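Structure data follow from my_file27.cif (mmCIF, C-alpha atoms):
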data_start
loop_
_atom_site.label_atom_id
_atom_site.label_comp_id
_atom_site.auth_asym_id
_atom_site.auth_seq_id
_atom_site.Cartn_x
_atom_site.Cartn_y
_atom_site.Cartn_z
CA GLU A 3 -13.11 12.54 -11.50
CA GLU A 4 -11.69 15.53 -9.66
CA PHE A 5 -8.52 17.26 -10.79
CA PRO A 6 -5.89 18.03 -8.12
CA ASP A 7 -6.74 21.75 -7.96
CA GLU A 8 -10.45 21.00 -7.71
CA GLU A 9 -9.82 18.37 -5.03
CA ARG A 10 -7.76 20.82 -2.98
CA ALA A 11 -10.50 23.44 -3.31
CA VAL A 12 -13.17 20.97 -2.19
CA THR A 13 -11.06 19.86 0.76
CA ALA A 14 -10.47 23.49 1.78
CA LEU A 15 -14.22 24.16 1.57
CA GLU A 16 -14.94 21.11 3.73
CA ASP A 17 -12.42 22.30 6.30
CA LEU A 18 -14.19 25.66 6.33
CA PHE A 19 -17.58 24.00 6.83
CA GLU A 20 -16.11 22.08 9.77
CA ARG A 21 -14.64 25.19 11.41
CA LEU A 22 -17.96 27.01 11.03
CA GLY A 23 -20.00 24.05 12.26
CA ARG A 24 -21.96 23.83 9.02
CA TRP A 25 -22.44 20.09 9.37
CA ARG A 26 -25.16 19.51 6.77
CA GLU A 27 -23.16 21.27 4.09
CA LEU A 28 -20.10 19.27 5.10
CA GLU A 29 -22.12 16.05 4.87
CA THR A 30 -23.41 16.96 1.41
CA SER A 31 -19.90 17.74 0.18
CA LEU A 32 -18.46 14.51 1.58
CA ARG A 33 -21.24 12.43 0.02
CA GLU A 34 -20.66 14.09 -3.34
CA ARG A 35 -16.93 13.44 -3.06
CA LEU A 36 -17.62 9.82 -2.11
CA GLY A 37 -19.68 9.36 -5.26
CA GLN A 38 -16.83 10.72 -7.38
CA ALA A 39 -14.00 8.82 -5.68
CA ASP A 40 -12.26 6.32 -7.95
CA HIS A 41 -9.57 5.00 -5.64
CA PRO A 42 -10.35 2.72 -2.66
CA ASP A 43 -8.13 4.79 -0.36
CA GLN A 44 -10.09 7.92 -1.21
CA ARG A 45 -13.38 6.18 -0.44
CA THR A 46 -11.98 4.88 2.83
CA ASP A 47 -10.89 8.34 3.99
CA VAL A 48 -14.21 9.93 3.08
CA ARG A 49 -16.29 7.15 4.64
CA LEU A 50 -14.33 7.38 7.89
CA ARG A 51 -14.85 11.14 8.03
CA LEU A 52 -18.55 10.72 7.22
CA ALA A 53 -18.91 8.13 9.96
CA ARG A 54 -17.40 10.43 12.58
CA LEU A 55 -19.49 13.35 11.37
CA SER A 56 -22.67 11.27 11.46
CA GLU A 57 -22.11 10.09 15.01
CA VAL A 58 -20.61 13.13 16.72
CA GLN A 59 -22.01 16.18 14.97
CA LEU A 60 -25.25 14.86 13.47
CA GLY A 61 -26.14 12.48 16.30
CA ARG A 62 -26.93 9.67 13.86
CA PRO A 63 -24.86 6.62 14.89
CA GLU A 64 -26.91 4.40 12.57
CA LEU A 65 -25.58 6.41 9.61
CA ALA A 66 -22.07 6.06 10.98
CA LEU A 67 -22.57 2.28 11.07
CA GLU A 68 -23.71 2.31 7.43
CA GLN A 69 -20.51 4.05 6.37
CA LEU A 70 -18.33 1.74 8.44
CA ARG A 71 -20.02 -1.37 7.02
CA GLU A 72 -19.20 -0.19 3.51
CA LEU A 73 -15.67 0.84 4.50
CA LEU A 74 -14.91 -2.54 6.09
CA ALA A 75 -16.33 -4.39 3.09
CA ASP A 76 -13.61 -2.69 1.01
CA ALA A 77 -10.88 -2.68 3.68
CA PRO A 78 -11.61 -5.40 6.26
CA ASN A 79 -8.30 -4.91 8.10
CA HIS A 80 -8.66 -1.17 8.64
CA ALA A 81 -7.89 -1.04 12.38
CA ALA A 82 -9.45 2.35 13.19
CA ALA A 83 -12.66 1.55 11.32
CA ALA A 84 -12.88 -1.89 12.93
CA ALA A 85 -12.52 -0.40 16.40
CA GLU A 86 -15.18 2.24 15.70
CA PHE A 87 -17.55 -0.33 14.18
CA GLU A 88 -17.21 -2.64 17.19
CA ARG A 89 -17.72 0.26 19.61
CA LEU A 90 -20.85 1.50 17.84
CA LEU A 91 -22.38 -1.98 17.59
CA ARG A 92 -21.83 -2.50 21.31
CA ALA A 93 -23.36 0.90 22.09
CA ALA A 94 -26.38 0.08 19.93
CA GLY A 95 -26.82 -3.32 21.58
CA SER A 96 -26.44 -5.02 18.20
CA HIS A 97 -24.76 -8.04 19.72
CA GLU A 98 -25.78 -10.61 17.12
CA GLU A 99 -24.46 -8.45 14.28
CA LEU A 100 -21.28 -7.88 16.25
CA ALA A 101 -20.92 -11.62 16.82
CA SER A 102 -21.45 -12.35 13.13
CA TRP A 103 -18.85 -9.77 12.13
CA LEU A 104 -16.31 -11.00 14.68
CA GLU A 105 -16.87 -14.58 13.48
CA GLN A 106 -16.07 -13.52 9.92
CA ARG A 107 -12.90 -11.76 11.12
CA ALA A 108 -11.83 -14.83 13.06
CA VAL A 109 -12.33 -17.12 10.06
CA ALA A 110 -10.34 -14.79 7.80
CA ALA A 111 -7.52 -14.46 10.32
CA ARG A 112 -7.37 -18.22 10.97
CA ALA A 113 -7.16 -18.92 7.24
CA SER A 114 -4.04 -16.77 6.95
CA GLY A 115 -0.60 -18.17 7.60
CA ASP A 116 0.68 -14.84 8.87
CA SER A 117 1.69 -14.76 12.54
CA GLY A 118 0.11 -11.33 12.95
CA ASP A 119 -3.21 -12.70 11.70
CA LYS A 120 -2.97 -15.59 14.16
CA ALA A 121 -2.53 -13.11 17.00
CA ARG A 122 -5.50 -11.14 15.64
CA ALA A 123 -7.58 -14.33 15.48
CA GLU A 124 -6.80 -15.12 19.12
CA GLN A 125 -7.79 -11.58 20.12
CA VAL A 126 -11.05 -11.76 18.13
CA LEU A 127 -11.93 -15.18 19.54
CA ARG A 128 -11.38 -13.90 23.09
CA ALA A 129 -13.73 -10.99 22.38
CA LEU A 130 -16.25 -13.42 20.89
CA SER A 131 -16.13 -15.61 23.98
CA GLU A 132 -16.91 -12.66 26.24
CA LEU A 133 -19.69 -11.48 23.92
CA TYR A 134 -21.32 -14.92 23.73
CA GLU A 135 -21.32 -15.42 27.48
CA GLN A 136 -21.92 -11.94 28.86
CA GLN A 137 -24.14 -10.25 26.26
CA LEU A 138 -25.82 -13.20 24.53
CA GLY A 139 -26.00 -15.55 27.53
CA ASP A 140 -24.66 -18.47 25.50
CA PRO A 141 -21.77 -20.24 27.29
CA GLN A 142 -21.80 -23.08 24.74
CA ARG A 143 -20.81 -20.68 21.97
CA ALA A 144 -18.21 -19.22 24.32
CA ILE A 145 -16.79 -22.73 24.73
CA VAL A 146 -16.54 -23.17 20.95
CA ALA A 147 -14.64 -19.87 20.65
CA ASN A 148 -12.24 -20.92 23.40
CA LEU A 149 -11.66 -24.34 21.86
CA GLN A 150 -10.62 -22.52 18.70
CA ARG A 151 -8.29 -20.36 20.82
CA TYR A 152 -6.88 -23.53 22.34
CA GLU A 153 -6.07 -24.86 18.86
CA PHE A 154 -3.93 -21.77 18.28
CA ALA A 155 -2.19 -21.70 21.63
CA PRO A 156 -2.83 -24.37 24.31
CA GLU A 157 -1.80 -22.02 27.09
CA LEU A 158 -2.87 -21.68 30.70
CA PRO A 159 -5.33 -18.73 30.43
CA VAL A 160 -7.52 -20.40 27.81
CA VAL A 161 -7.33 -23.76 29.61
CA LYS A 162 -8.56 -22.14 32.83
CA GLU A 163 -11.31 -20.37 30.89
CA LEU A 164 -12.45 -23.72 29.46
CA VAL A 165 -12.44 -25.26 32.94
CA ARG A 166 -14.64 -22.40 34.16
CA LEU A 167 -17.04 -22.54 31.22
CA TYR A 168 -17.46 -26.30 31.35
CA GLU A 169 -18.25 -25.90 35.07
CA VAL A 170 -20.91 -23.33 34.11
CA THR A 171 -22.51 -25.76 31.64
CA GLY A 172 -22.21 -28.70 34.02
CA GLU A 173 -20.00 -30.77 31.73
CA LEU A 174 -17.92 -32.28 34.52
CA ALA A 175 -16.03 -34.80 32.39
CA ARG A 176 -14.75 -31.92 30.26
CA VAL A 177 -13.93 -29.94 33.41
CA ALA A 178 -11.78 -32.85 34.52
CA GLU A 179 -10.15 -33.21 31.10
CA PHE A 180 -8.97 -29.61 31.06
CA MET A 181 -8.04 -29.63 34.74
CA GLU A 182 -5.58 -32.40 33.96
CA ILE A 183 -4.07 -30.18 31.29
CA GLN A 184 -4.10 -27.23 33.70
CA ILE A 185 -2.05 -29.17 36.27
CA GLY A 186 0.82 -29.51 33.81
CA LEU A 187 0.77 -25.81 32.89
CA GLU A 188 0.54 -24.23 36.34
CA PRO A 189 3.56 -23.27 38.46
CA PRO A 190 4.22 -25.96 41.10
CA HIS A 191 2.24 -24.46 43.99
CA GLN A 192 -0.84 -23.77 41.85
CA GLY A 193 -0.40 -27.09 40.05
CA LEU A 194 -0.53 -28.91 43.38
CA ALA A 195 -3.75 -27.09 44.30
CA ALA A 196 -5.26 -27.93 40.91
CA ALA A 197 -4.35 -31.61 41.33
CA HIS A 198 -6.07 -31.71 44.74
CA ALA A 199 -9.11 -29.95 43.28
CA LEU A 200 -9.28 -32.51 40.48
CA ALA A 201 -9.00 -35.37 42.98
CA ASP A 202 -11.90 -33.89 44.97
CA LEU A 203 -13.99 -33.46 41.83
CA ALA A 204 -13.29 -37.03 40.75
CA ALA A 205 -14.13 -38.42 44.20
CA THR A 206 -17.26 -36.43 45.07
CA ARG A 207 -18.93 -35.54 41.78
CA LEU A 208 -17.63 -37.88 39.10
CA ARG A 209 -17.23 -40.96 41.30
CA ASP A 210 -14.18 -41.94 39.28
CA PRO A 211 -11.56 -43.70 41.44
CA GLU A 212 -9.11 -44.03 38.55
CA LEU A 213 -9.17 -40.28 38.02
CA VAL A 214 -8.75 -39.71 41.76
CA GLN A 215 -5.63 -41.87 41.69
CA ARG A 216 -4.28 -40.14 38.60
CA ALA A 217 -4.80 -36.68 40.10
CA LEU A 218 -3.10 -37.65 43.37
CA LEU A 219 -0.16 -39.18 41.54
CA ALA A 220 0.19 -35.92 39.62
CA ALA A 221 0.16 -34.09 42.96
CA ARG A 222 2.85 -36.41 44.36
CA LYS A 223 4.98 -35.82 41.28
CA ILE A 224 4.83 -32.07 41.91
CA SER A 225 5.49 -32.34 45.66
CA PRO A 226 6.51 -35.84 46.82
CA ARG A 227 6.43 -34.91 50.52
CA ASP A 228 3.18 -32.97 50.59
CA PRO A 229 1.31 -34.35 53.65
CA GLN A 230 -2.16 -33.74 52.17
CA THR A 231 -1.27 -35.77 49.08
CA ILE A 232 0.22 -38.58 51.15
CA ALA A 233 -2.88 -38.74 53.36
CA LYS A 234 -5.27 -38.84 50.40
CA LEU A 235 -3.24 -41.55 48.66
CA ARG A 236 -3.55 -43.68 51.77
CA GLN A 237 -7.30 -43.18 51.74
CA HIS A 238 -7.56 -44.23 48.10
#
Can I see the file as structure tokens?
Amino acid sequence: EEFPDEERAVTALEDLFERLGRWRELETSLRERLGQADHPDQRTDVRLRLARLSEVQLGRPELALEQLRELLADAPNHAAAAAEFERLLRAAGSHEELASWLEQRAVAARASGDSGDKARAEQVLRALSELYEQQLGDPQRAIVANLQRYEFAPELPVVKELVRLYEVTGELARVAEFMEIQIGLEPPHQGLAAAHALADLAATRLRDPELVQRALLAARKISPRDPQTIAKLRQH
């Protein structure tokens, strides 16, 4: 354990190493201080500094990731460390590890009753969805992430994302299910367009006359005098 005067002297020496660009000596000092640190906050500060040193000055991002893994194991909600960890994993192309870590964060946030954690969960699940689809080429996992987002907040952006993803996977019945939800969430003009699109989907690809009728009735409810809706209702 370091005494206050000794700690100040070590910190001053480390600052000197940094000013002089003596990176190896700075690394050695930080690692020694990490081994002597008793308090979690002290370890967090040293690990964060070691991570930045490893990446920027030593050109060893893999060592930075090691420090950040340990830091986040002790302090999983450390925002700066989390952002750096995610950035470095993306840069390294470690998409599966990133997905696993984000999944753990989402589970922890969803288990909390705190509104801030719910917002964090929604943000993490959105990042997971993009990662699954764009980097891992797995739209089914992206759908699962968005269904979890929908449980939190059944709002228009996630509904439209589910419509798009189910279209990608060819699950047309699910496309139709979420398009019906979308109609009720859109502003009137866009809702009318969505209702017509659903009617076309039901008629040409699903061959579902009941759904066609339901979609057109939804369109008429939005705009009773819309000529396109009136014409299609006469056809069906």
Tell me which residues the PyMOL selection byres ((chain A and resi 196) around 10) grabs here, as a ChimeraX atom specification. /A:181-186,188,190-195,197-202,217,220-221
Interatomic distance (Å, one decimal) between atom CA of Asp140 of chain A and atom CA of Ala94 of chain A: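 Atom CA of Ala94 of chain A lies at a distance of 19.4 Å from atom CA of Asp140 of chain A.
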Could you pull the residues within 12 Å of Ser96 of chain A, counting all atoms listed in the file, minus those fewer than 5 positions along the same chain, as a VMD selection string? chain A and resid 64 67 87 to 91 101 to 103 133 137 to 138
Please provide the set of residues having any atom within 10 Å of Trp25 of chain A, restricted to all atoms listed in the file, with same-chain residues fewer than 6 positions apart removed, written as number ranges by chain. A: 16, 19, 31, 55-56, 59-60
Those residues you just picked out, can you put them in a file as a PDB file, in the frame of the given file with C-alpha atoms?
ATOM      1  CA  GLU A  16     -14.940  21.110   3.730  1.00  0.00           C
ATOM      2  CA  PHE A  19     -17.580  24.000   6.830  1.00  0.00           C
ATOM      3  CA  SER A  31     -19.900  17.740   0.180  1.00  0.00           C
ATOM      4  CA  LEU A  55     -19.490  13.350  11.370  1.00  0.00           C
ATOM      5  CA  SER A  56     -22.670  11.270  11.460  1.00  0.00           C
ATOM      6  CA  GLN A  59     -22.010  16.180  14.970  1.00  0.00           C
ATOM      7  CA  LEU A  60     -25.250  14.860  13.470  1.00  0.00           C
TER       8      LEU A  60
END
What's the 9 Å shell around Arg151 of chain A, counting all atoms listed in the file, without same-chain residues fewer than 6 positions away, as a list in words?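 Neighbouring residues, sequence-local ones excluded: Ala123, Glu124, Gln125, Leu127, Arg128 and Val160 of chain A.
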With only C-alpha atoms as the counted atoms, please give the residues lying no more than 10 Å from Val177 of chain A, apart from itself and same-chain residues fewer than 6 positions off, as number ranges by chain. A: 161-162, 164-171, 200, 203
Could you check the closest approach to Ala83 of chain A for each of A:Glu68, A:Glu8, A:Glu135, A:Asp119 and tell me which residue wins, using only C-alpha atoms? A:Glu68
I need the residue nearest Leu74 of chain A from this list: A:Gly95, A:Pro159, A:Gly61, A:Pro42. Use only C-alpha atoms for the distance.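 Closest to Leu74 of chain A of all the choices is A:Pro42.
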For this structure, which residues satisfy the selection - the PyMOL selection byres ((chain A and resi 235) around 12) - when it is evaluated on the file as given? I want them as a VMD selection string. chain A and resid 198 201 211 to 212 214 to 222 226 to 234 236 to 238
Please report the interatomic distance between atom CA of Glu163 of chain A and atom CA of Ala84 of chain A in Å with one decimal. 25.8 Å
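Between atom CA of Arg45 of chain A and atom CA of Val58 of chain A the separation is 19.9 Å.
Shortest separation to Asp43 of chain A among A:His80, A:Arg10, A:Lys120, A:His97 occurs at residue A:His80, atoms counted being all atoms listed in the file.
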